[in-house]
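Novice: Once you've had a glance at the structure underneath, I'll fire off some questions.
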Amino acid sequence: MQIEAKIQSLGLVLPAPPQVPAGVKVPFRWVRVSGNRAYASGHIPLEADGSIAKPVGRVGVDLSVDEGYEAARKLCLAMLGSLRNELGDLDRITAWLRVFSIVNCEPGFMETPKVTNGFSDLILELYGPERGGHARSTIGGLPAFNAAVEIEAEVEISDR
Amino acid sequence: MQIEAKIQSLGLVLPAPPQVPAGVKVPFRWVRVSGNRAYASGHIPLEADGSIAKPVGRVGVDLSVDEGYEAARKLCLAMLGSLRNELGDLDRITAWLRVFSIVNCEPGFMETPKVTNGFSDLILELYGPERGGHARSTIGGLPAFNAAVEIEAEVEISDR
Amino acid sequence: MQIEAKIQSLGLVLPAPPQVPAGVKVPFRWVRVSGNRAYASGHIPLEADGSIAKPVGRVGVDLSVDEGYEAARKLCLAMLGSLRNELGDLDRITAWLRVFSIVNCEPGFMETPKVTNGFSDLILELYGPERGGHARSTIGGLPAFNAAVEIEAEVEISDR
């Protein structure tokens, strides 16, 4: 439980499982495991109770870049919460492999990578450069529920 | 051939291989296999003859959400057709792992996940919750050929 | 070093590592290796010195389709450069598996797959149809730094 202890020592909290808006079915899993891989579904930023974090909308218009960075950091905690729930212990993640980020923005917005850094910086702070190092893509697009950012990931895991 | 029998029993048909518009080269494979993984290329909805399904365009503008759901269901059959052609038997898919969906829509459209459910619901109906359960992301964007939706996937497969 | 020799025999050059604009942090790896897989981050077209290739912008508006094709070919060389730097030898790539391409364009632009062909055609020329064959998706969206195209990939690799 070293990673979870580190999260607590930073004063951070893993939010409750994602709550989707009323009437929305979720016919998929937040995390899917196969062999030594876990696939994390596209997550969006959540409040501690699992509800969609405010503000939503376009970074550069409805949110500042700093607010976008903070949203990606919240999203990271949401994904870590889903991984903890599925894997039992975040220490089982032996390597972060692939991170794919979609930032809500207008054409011509040039700072999407800075937004995704809110996710990557926290992963690296928690897991260090060897386990935490990951391949990454960032694009502009339309995340689910008009969230500021949506990120999916693939990680390498050890046996229980 | 249990999955294919189930498809038939539902009155559904795996379409012919994708036909692309005249003049478009396809220098890639619809499905790529490596070890116990198969990667399905981005598929779009097809008619039974493999031609691009109508209507195309933006869900919420050119198509209703229900039509978008139906398009994602057609797309699912197209991807299953490609997987059957490559793997020989859809029963070889031991687990659905990752589904990535791009829904054609305008900024602010809030119902992209409902569209992708047309894909996920059929996978779960055919494979059940254990084999069919998958991680999933849905974003708004611009699918190839102005299709209503484009989806790629990664699945776990058994030896022949 | 057969692949690298082939690149040279075609008169092509692997560019220097990506240079990002001043003030942009890159808290991720251009290539991440795990077991027999390498994950290549989202790359954009580069000049030989590693700077962002010109022209940038929307294919169909700011660039022609042919210029977009050429941009995807430059991007391919940039990704091969990153893979060479991480793997030591491009001959270690035993199979191209998955290619995901985001083309910068306006809604309604129908030729995104032709742009991505600039990437796929070079991979197939260098690696041949068996090793080079790959699953692929192409969508329209907003690549980082307003580049004409952004592509990420997953490849199968052999031990050193």
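Residue numbering restarts at 1 for every chain of the structure tokens, chains are lettered A, B, ... in their displayed order, and ligands are numbered from 1 as they appear.
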Using only C-alpha atoms, I'd like a table of the residues in chain A that come within 8 Å of chain C; for each, show the closest atom pair and its distance in Å rounded to one decimal, ordered by chain and ascending number, as a Markdown table.
Specialist:
```
| residue | atom | partner | partner_atom | distance |
| --- | --- | --- | --- | --- |
| A:Ala95 | CA | C:Ser34 | CA | 7.9 |
| A:Leu97 | CA | C:Arg32 | CA | 6.2 |
| A:Arg98 | CA | C:Tyr39 | CA | 6.7 |
| A:Pro107 | CA | C:Leu142 | CA | 6.6 |
| A:Gly108 | CA | C:Asn146 | CA | 6.1 |
| A:Phe109 | CA | C:Asn146 | CA | 7.7 |
| A:Met110 | CA | C:Phe145 | CA | 5.2 |
| A:Glu111 | CA | C:Phe145 | CA | 7.4 |
| A:Thr112 | CA | C:Ala144 | CA | 6.6 |
| A:Pro113 | CA | C:Ala144 | CA | 7.0 |
| A:Lys114 | CA | C:Val24 | CA | 7.0 |
| A:Asn117 | CA | C:Pro27 | CA | 6.8 |
| A:Ser120 | CA | C:Pro27 | CA | 6.2 |
| A:Asp121 | CA | C:Pro27 | CA | 6.6 |
| A:Leu124 | CA | C:Pro27 | CA | 7.9 |
| A:Gly133 | CA | C:Phe28 | CA | 5.8 |
| A:His134 | CA | C:Phe28 | CA | 5.3 |
| A:Ala135 | CA | C:Ser41 | CA | 4.6 |
| A:Arg136 | CA | C:Ser41 | CA | 4.7 |
| A:Ser137 | CA | C:Gly42 | CA | 4.3 |
| A:Thr138 | CA | C:Ala144 | CA | 6.3 |
| A:Ile139 | CA | C:Pro143 | CA | 4.9 |
| A:Gly140 | CA | C:Leu142 | CA | 4.5 |
| A:Gly141 | CA | C:Gly141 | CA | 6.0 |
| A:Glu156 | CA | C:Ser34 | CA | 7.7 |
```
Novice: From the DSSP assignment of the backbone, select every residue of range 64-152 of chain C that is alpha helix (DSSP H), and format the answer as a PyMOL selection string.
Specialist: chain C and resi 65-87+112-132
Novice: Give the answer as one residue: which of A:Leu122, A:Val149, A:Ala53, A:Ile93 has the shortest atom-to-atom distance to Leu12 in chain A, using only C-alpha atoms?
Specialist: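 Smallest separation from Leu12 in chain A among the options: A:Leu122.
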Novice: Could you jot down the CA of Asp91 in chain B to CA of Asp66 in chain B separation for me, Å, one decimal place?
Specialist: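 Taking CA of Asp91 in chain B as the start and CA of Asp66 in chain B as the end point, the length is 29.3 Å.
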Novice: If I take CA of Leu46 in chain C and CA of Leu80 in chain C, how far is one from the other in Å, to one decimal?
Specialist: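 These atoms are spaced 11.5 Å apart.
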Novice: Using only C-alpha atoms, determine which residues lie at most 9 Å from Tyr69 in chain A, disregarding the query and same-chain residues fewer than 2 positions distant; provide the list as a ChimeraX atom specification.
Specialist: /A:64-67,71-74,114-119
Novice: Could you go through range 108-153 of chain C and tell me which residues DSSP, when run on the backbone, assigns to strand (DSSP E), listing them as number ranges by chain?
Specialist: C: 135-143, 149-153
